[in-house]
Amino acid sequence: MGDNHDHLLNSNDGVITYSRRDRAGRDTEDQLRLLIASVSDYAILTLDVEGHIASWNLGAERIKGYRADEILGQHFSRFYPPEDIAWGKPAWELESAIRLGRFEDEGWRVRKDGTRFWANVVITALFDESGELRGFGKVTRDFTQRKHAEETRELERLREALRARDEFLSVASHELKTPLTPLQLKLTAMRRIAETNPQALLADGRLSRELASASGQVRKLADLIDDLLDVSRINVGRLTVEPERMDLSALLRDIAVRYAPQAHVAGCRLDVDVAGPIEGTWDRRRLEQAVTNLVTNAIKYGAGKPIHVSARVADTDAVITVRDEGIGIAPTHQRRIFERFVRAVSERNYGGMGLGLFITHQIVEAHAGTIDVESELGRGSTFTLRIPREALLAKVGPTAKPAP
């Protein structure tokens, strides 16, 4: 080994090399023993081949509470809770260390006074040069504070989840009742007219108007239920897409025609700007759902102002933009609006369950695309969807001619 590094201490995990160029004559092995003995943040001890404690340091006394003269010669299973001793965990740990060379675990351990602490434990099997087991090295760290911090964070997360659940149930109940109440009133009124003066329902197309209104309320209920089902599907990873060849421009024009009456009632002008056909392979129903969510949001939060929907081709992507000139979104909320049940406005002033943008985001991701928002309070919001034209085609194989 040479003059500088000629004294070795072997273990199963490696080699410690000592220097003999110590002119003061200090014994390096004594220094190592002093280091181990004085470390207070780690319990460092050795065990014999049967698990009895052979050495004890200051850190072990601080963490576990025993003085050396109280614990030397005792079996290390003394530090384990009764339930771990009952199933033989201490022996299993030693067997694992022998088999693997090293064993690591985190779990509850017991101090001298009976209190428990959360320990990170590493046990290393110590073999001599001939491969014979000479005992074990054991290092224990007290992670109780970290464990309590993790439990506090988890408890806070659960409380937040319960709060969000309760808020969602409240909002969902309100949203489901919103179309249900007028529907019930309308059907009750129609039944009374039918019982007393059935001819009145046939006059001036009244029956047709009343049924159309009732159908609209039923559609609102169905849409709400579909949103809830989509969230459930997303939670279990089952938001499937069914790709087909389609023209995005035609889809946007259809959406504009369908929602023009709703926009007119809200005082909005719904403009659509598309330059010719934009062909691609997408899920028509899901893409329609995503754009519809953005358009209805724009009508809700941009009442009285124009709404602009546009689409264009950028390289291999289709880019859809929905812009309103309404209330806008505060910067602090812009990072969270795509999360489930998150709404950037007061429930009292604006309805909704906070699912539309979340579902839209999931649909866009399912198409391997992205969605971004730019907004300024009082100046409106612009949502931009960028969706590859052939990403789904690549997943399912060629089903149609590629777009030009």
# chains A, B, ... in the order shown; residues from 1 in each chain; ligands from 1
$ select_by_dssp --residues "region 69-192 of chain A" --states "helix (DSSP H, G or I)" --output "VMD selection string"
chain A and resid 69 to 71 76 to 79 82 to 86 89 to 100 144 to 192
$ residues_around --residues "region 250-260 of chain A" --least-positions-apart "6" --cutoff "9 Å" --atoms "only C-alpha atoms" --output "list in words"
Cys268, Arg269, Leu270, Asp271, Val272, Asp273, Val274, Pro277, Ile278, Arg284, Leu287, Glu288, Val291, Thr292, Val295, Thr296, Val309, Ser310 and Ala311 of chain A
$ atom_distance --atom1 "CA of Ala330 (chain A)" --atom2 "CA of Leu158 (chain A)"
26.7 Å
$ closest_residue --among "A:Ala161, A:Ala68, A:Val218, A:Ile63" --to "Thr115 (chain A)" --atoms "only C-alpha atoms"
A:Ile63
$ select_by_dssp --residues "region 75-228 of chain A" --states "strand (DSSP E or B)" --output "PyMOL selection string"
chain A and resi 75+102-110+116-127+133-142
$ residues_around --residues "region 315-326 of chain A" --least-positions-apart "3" --cutoff "6 Å" --atoms "only C-alpha atoms" --output "list in words"
Ala298, Tyr301, Gly302, Lys305, Ile307, His308, Val309, Ser310, Ala311, Arg312, Arg379, Gly380, Ser381, Thr382, Phe383, Thr384, Leu385, Arg386, Ile387, Pro388 and Arg389 of chain A
